[in-house]
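Accompanying notes for the structure given below.
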Amino acid sequence: MNNQVKRYLSKTGNNEILERRFELLELSGIKNFFIDRVEIPDKGEILSKLALKYKDCKKCGLSNTRHNFVYGQGNPDADIMFIGEGPGEQEDRQGIPFVGAAGQLFNKMLKAISLEREEVYITNIVKCRPPKNRNPLPDEIESCIPYLYEQIWIIRPKTICALGKVAGNSLLNNNDTLGSMRGKFYNFQDIKLMVTYHPSALLYHIEWKRPAWEDLKMLMREYRKV
Ligand code: SF4
């Protein structure tokens with residue numbers, strides 16, 4: 001980290017997210033200045049470097065049981081980002097998000113709103129599988145979420161769709177029910193964010209497919225607008 005950055009951090013206090021951003025700027029070859037938003041020249045390359053850098057992360061207990069770290073997949077210049085809760089069994093095996101039965105349904109949901117997987121970016125709140133697909137614990141989310149904030153900061157999508165209660169609660173920093181979070185847009189760091197059902201929930205609750213479809217239509221209307 002260069003001296004100008006060190007001086008800035010010593011003035012502002014030690015802030016983990018800021019430090020990470022400066023590291024990112026350095027990785028991108030950008031040095032000696034500070035602005036809140038920058039255009040990262042090659043987002044794909046930076047995301048690949050970061051995935052390599054973090055793949056052996058041991059910041060929380062999920063590192064003890066995972067097979068693979070699942071960073072994210074998709075278009076680094078995506079205008080829309082989907083954020084789930086955590087990798088499932090197949091995702092853990094393959095190191096790719098949304099590839100199991102829920103992933104197949106997710107692909108269909110995308111197609112239904114005329115989107116392809118290659119157009120969007122997909123990731124999770126935690127990057128390692130919680131055993132037996134339990135919800136990630138608060139300390140696991142707290143340990144992992146800086147990686148997600150960093151991904152959002154790099155990609156800067158216009159819209160974010162949080163899939164499921166855990167993703168919604170983690171991003172909105174609340175403990176609201178899924179039902180009360182649905183059906184509206186929130187401002188998340190100047191990005192439009194909405195919450196809908198996780199595809200794995202839709203596999204077991206067919207009655208939620210109709211409201212999920214309403215959510216997806218709302219998402220597409222906003223996506224086309226911004
Ligand atoms: S879940 Fe996140 S914080 Fe925990 S070990 Fe995996 S990458 Fe690290």
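Each chain of the structure tokens is named A, B, ... in the order shown, its residues numbered from 1; ligands are numbered from 1 in display order.
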What residues have any atom no more than 10 Å from ligand 1 when counting only C-alpha atoms and all ligand atoms, and can you list them as a PyMOL selection string?
-> chain A and resi 51+54-66+68-71+86-87+124-130+136-137+139-148
Would you write out those residues with C-alpha atoms, as a compact mmCIF listing (two decimals), in the first residue's frame?
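Result written to out_29.txt:
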# COMPACT_ATOMS: atom_id res chain seq x y z
CA ALA A 51 -11.07 -15.30 -6.29
CA TYR A 54 -9.39 -15.69 -1.24
CA LYS A 55 -9.89 -19.32 -2.27
CA ASP A 56 -8.14 -20.70 0.81
CA CYS A 57 -9.87 -18.30 3.19
CA LYS A 58 -10.17 -19.56 6.75
CA LYS A 59 -11.88 -16.57 8.30
CA CYS A 60 -14.79 -18.63 9.57
CA GLY A 61 -15.64 -22.21 10.51
CA LEU A 62 -17.22 -22.99 7.12
CA SER A 63 -13.68 -23.43 5.79
CA ASN A 64 -13.46 -26.69 7.79
CA THR A 65 -16.24 -28.45 5.90
CA ARG A 66 -16.24 -26.93 2.41
CA ASN A 68 -14.69 -25.58 -2.73
CA PHE A 69 -14.80 -21.85 -2.22
CA VAL A 70 -17.57 -20.50 -4.49
CA TYR A 71 -16.77 -16.91 -5.34
CA GLY A 86 -24.68 -19.75 0.21
CA PRO A 87 -23.48 -22.65 -1.92
CA ASN A 124 -23.85 -15.61 -2.52
CA ILE A 125 -23.69 -13.99 0.88
CA VAL A 126 -21.25 -16.65 2.11
CA LYS A 127 -18.80 -18.28 -0.24
CA CYS A 128 -18.53 -21.68 1.47
CA ARG A 129 -21.30 -24.22 1.99
CA PRO A 130 -22.91 -24.30 5.43
CA PRO A 136 -25.21 -19.24 7.64
CA LEU A 137 -24.61 -18.01 11.18
CA ASP A 139 -20.51 -14.53 12.55
CA GLU A 140 -20.06 -16.42 9.26
CA ILE A 141 -21.97 -13.73 7.39
CA GLU A 142 -20.00 -11.00 9.09
CA SER A 143 -16.70 -12.68 8.17
CA CYS A 144 -17.66 -13.23 4.55
CA ILE A 145 -19.72 -10.22 3.56
CA PRO A 146 -16.73 -7.92 2.88
CA TYR A 147 -15.99 -10.16 -0.15
CA LEU A 148 -19.51 -9.54 -1.42
Nearby residues (only C-alpha atoms) at most 12 Å from A:Glu214, same-chain spacing under 3 positions excluded, as a PDB file with C-alpha atoms, in the first residue's frame:
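Result file around-v7.pdb:
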ATOM      1  CA  MET A 109     -36.486 -17.985 -14.109  1.00  0.00           C
ATOM      2  CA  ALA A 112     -38.666 -16.308 -18.390  1.00  0.00           C
ATOM      3  CA  ILE A 113     -37.552 -12.683 -18.132  1.00  0.00           C
ATOM      4  CA  ARG A 182     -40.826  -8.340  -1.189  1.00  0.00           C
ATOM      5  CA  GLY A 183     -42.664  -6.082  -3.609  1.00  0.00           C
ATOM      6  CA  LYS A 184     -40.533  -2.940  -3.319  1.00  0.00           C
ATOM      7  CA  VAL A 195     -35.818  -9.223  -2.520  1.00  0.00           C
ATOM      8  CA  THR A 196     -37.599 -12.303  -3.775  1.00  0.00           C
ATOM      9  CA  TYR A 197     -37.811 -16.029  -3.090  1.00  0.00           C
ATOM     10  CA  TRP A 208     -44.846 -19.272  -4.180  1.00  0.00           C
ATOM     11  CA  LYS A 209     -44.120 -19.460  -7.909  1.00  0.00           C
ATOM     12  CA  ARG A 210     -46.846 -16.982  -8.811  1.00  0.00           C
ATOM     13  CA  PRO A 211     -45.692 -14.236  -6.408  1.00  0.00           C
ATOM     14  CA  LYS A 217     -41.699  -8.902 -13.721  1.00  0.00           C
ATOM     15  CA  MET A 218     -41.178  -5.982 -11.331  1.00  0.00           C
ATOM     16  CA  LEU A 219     -37.427  -6.556 -11.495  1.00  0.00           C
ATOM     17  CA  MET A 220     -37.452  -6.527 -15.289  1.00  0.00           C
ATOM     18  CA  ARG A 221     -39.502  -3.326 -15.445  1.00  0.00           C
TER      19      ARG A 221
END
Do you know which residues are at most 8 Å from A:Pro157 counting only C-alpha atoms, after dropping those on the same chain fewer than 6 positions away, and could you put them as a list in words?
->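 Everything that qualifies: Asp77, Ala78, Asp79, Ile80, Met81 and Ile191 of chain A.
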The selected residues should be written to file as an mmCIF file, in the first residue's frame (atoms: C-alpha atoms).
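Heads up, here's the output in selection-v1.cif:
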data_model
loop_
_atom_site.group_PDB
_atom_site.id
_atom_site.type_symbol
_atom_site.label_atom_id
_atom_site.label_comp_id
_atom_site.auth_asym_id
_atom_site.auth_seq_id
_atom_site.Cartn_x
_atom_site.Cartn_y
_atom_site.Cartn_z
ATOM 1 C CA ASP A 77 -19.923 -5.801 -16.395
ATOM 2 C CA ALA A 78 -23.422 -7.020 -15.539
ATOM 3 C CA ASP A 79 -26.180 -4.488 -14.950
ATOM 4 C CA ILE A 80 -27.957 -6.972 -12.735
ATOM 5 C CA MET A 81 -26.578 -9.078 -9.916
ATOM 6 C CA ILE A 191 -28.215 0.614 -6.428
#
For the atom pair atom CA of A:Thr159 and atom CA of A:Asn133, what is the interatomic distance in Å to one decimal place?
-> 26.8 Å
A:Gln73, A:Ser170, A:Ser180, A:Ser114 ranked by distance to A:Gln94, top pick (using only C-alpha atoms) |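 Residue with the minimum atom-to-atom distance to A:Gln94: A:Gln73.
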Would you please extract all alpha helix (DSSP H) residues from stretch 130-194 of chain A, as assigned by DSSP on the backbone, and give them as a JSON list (two decimals) with N, CA and C atoms, in the first residue's frame?
[["chain", "number", "residue", "atom", "x", "y", "z"],
["A", 138, "PRO", "N", -24.64, -15.71, 12.01],
["A", 138, "PRO", "CA", -24.28, -14.29, 11.93],
["A", 138, "PRO", "C", -22.77, -14.03, 11.83],
["A", 139, "ASP", "N", -21.96, -14.79, 12.61],
["A", 139, "ASP", "CA", -20.51, -14.53, 12.55],
["A", 139, "ASP", "C", -19.92, -14.97, 11.21],
["A", 140, "GLU", "N", -20.54, -15.98, 10.58],
["A", 140, "GLU", "CA", -20.06, -16.42, 9.26],
["A", 140, "GLU", "C", -20.39, -15.35, 8.22],
["A", 141, "ILE", "N", -21.58, -14.79, 8.34],
["A", 141, "ILE", "CA", -21.97, -13.73, 7.39],
["A", 141, "ILE", "C", -21.06, -12.52, 7.58],
["A", 142, "GLU", "N", -20.84, -12.18, 8.83],
["A", 142, "GLU", "CA", -20.00, -11.00, 9.09],
["A", 142, "GLU", "C", -18.58, -11.19, 8.55],
["A", 143, "SER", "N", -18.06, -12.42, 8.68],
["A", 143, "SER", "CA", -16.70, -12.68, 8.17],
["A", 143, "SER", "C", -16.65, -12.61, 6.65],
["A", 144, "CYS", "N", -17.71, -13.06, 6.01],
["A", 144, "CYS", "CA", -17.66, -13.23, 4.55],
["A", 144, "CYS", "C", -18.16, -12.02, 3.76],
["A", 145, "ILE", "N", -19.03, -11.23, 4.36],
["A", 145, "ILE", "CA", -19.72, -10.22, 3.56],
["A", 145, "ILE", "C", -18.79, -9.14, 2.97],
["A", 146, "PRO", "N", -17.62, -8.88, 3.56],
["A", 146, "PRO", "CA", -16.73, -7.92, 2.88],
["A", 146, "PRO", "C", -16.37, -8.37, 1.46],
["A", 147, "TYR", "N", -16.29, -9.69, 1.21],
["A", 147, "TYR", "CA", -15.99, -10.16, -0.15],
["A", 147, "TYR", "C", -17.13, -9.77, -1.09],
["A", 148, "LEU", "N", -18.35, -9.89, -0.59],
["A", 148, "LEU", "CA", -19.51, -9.54, -1.42],
["A", 148, "LEU", "C", -19.55, -8.02, -1.68],
["A", 149, "TYR", "N", -19.32, -7.24, -0.64],
["A", 149, "TYR", "CA", -19.32, -5.78, -0.83],
["A", 149, "TYR", "C", -18.29, -5.38, -1.88],
["A", 150, "GLU", "N", -17.17, -6.07, -1.84],
["A", 150, "GLU", "CA", -16.11, -5.79, -2.80],
["A", 150, "GLU", "C", -16.56, -6.13, -4.23],
["A", 151, "GLN", "N", -17.24, -7.29, -4.36],
["A", 151, "GLN", "CA", -17.74, -7.67, -5.69],
["A", 151, "GLN", "C", -18.74, -6.63, -6.21],
["A", 152, "ILE", "N", -19.62, -6.19, -5.30],
["A", 152, "ILE", "CA", -20.62, -5.20, -5.72],
["A", 152, "ILE", "C", -19.93, -3.90, -6.12],
["A", 153, "TRP", "N", -18.92, -3.53, -5.37],
["A", 153, "TRP", "CA", -18.20, -2.29, -5.65],
["A", 153, "TRP", "C", -17.48, -2.36, -7.01],
["A", 154, "ILE", "N", -16.96, -3.51, -7.33],
["A", 154, "ILE", "CA", -16.26, -3.67, -8.61],
["A", 154, "ILE", "C", -17.26, -3.69, -9.77],
["A", 155, "ILE", "N", -18.30, -4.50, -9.63],
["A", 155, "ILE", "CA", -19.25, -4.70, -10.73],
["A", 155, "ILE", "C", -20.15, -3.48, -10.91],
["A", 165, "LYS", "N", -34.62, -14.94, 2.23],
["A", 165, "LYS", "CA", -34.64, -14.11, 3.45],
["A", 165, "LYS", "C", -33.24, -13.78, 3.95],
["A", 166, "VAL", "N", -32.36, -14.79, 3.95],
["A", 166, "VAL", "CA", -31.02, -14.56, 4.49],
["A", 166, "VAL", "C", -30.30, -13.48, 3.67],
["A", 167, "ALA", "N", -30.39, -13.59, 2.36],
["A", 167, "ALA", "CA", -29.73, -12.58, 1.51],
["A", 167, "ALA", "C", -30.35, -11.21, 1.74],
["A", 168, "GLY", "N", -31.67, -11.15, 1.81],
["A", 168, "GLY", "CA", -32.35, -9.87, 2.05],
["A", 168, "GLY", "C", -31.95, -9.27, 3.39],
["A", 169, "ASN", "N", -32.02, -10.08, 4.44],
["A", 169, "ASN", "CA", -31.67, -9.59, 5.79],
["A", 169, "ASN", "C", -30.22, -9.12, 5.84],
["A", 170, "SER", "N", -29.34, -9.87, 5.21],
["A", 170, "SER", "CA", -27.91, -9.54, 5.29],
["A", 170, "SER", "C", -27.61, -8.23, 4.57],
["A", 171, "LEU", "N", -28.25, -8.02, 3.43],
["A", 171, "LEU", "CA", -27.95, -6.81, 2.66],
["A", 171, "LEU", "C", -28.67, -5.59, 3.23],
["A", 172, "LEU", "N", -29.86, -5.83, 3.76],
["A", 172, "LEU", "CA", -30.64, -4.69, 4.28],
["A", 172, "LEU", "C", -30.42, -4.49, 5.78],
["A", 178, "LEU", "N", -39.47, -12.43, 4.75],
["A", 178, "LEU", "CA", -39.36, -12.32, 3.30],
["A", 178, "LEU", "C", -40.59, -11.60, 2.75],
["A", 179, "GLY", "N", -41.75, -11.97, 3.28],
["A", 179, "GLY", "CA", -43.01, -11.38, 2.81],
["A", 179, "GLY", "C", -43.00, -9.86, 2.93],
["A", 180, "SER", "N", -42.43, -9.35, 4.02],
["A", 180, "SER", "CA", -42.46, -7.89, 4.19],
["A", 180, "SER", "C", -41.36, -7.20, 3.37],
["A", 181, "MET", "N", -40.34, -7.95, 2.96],
["A", 181, "MET", "CA", -39.28, -7.32, 2.15],
["A", 181, "MET", "C", -39.62, -7.31, 0.66]]
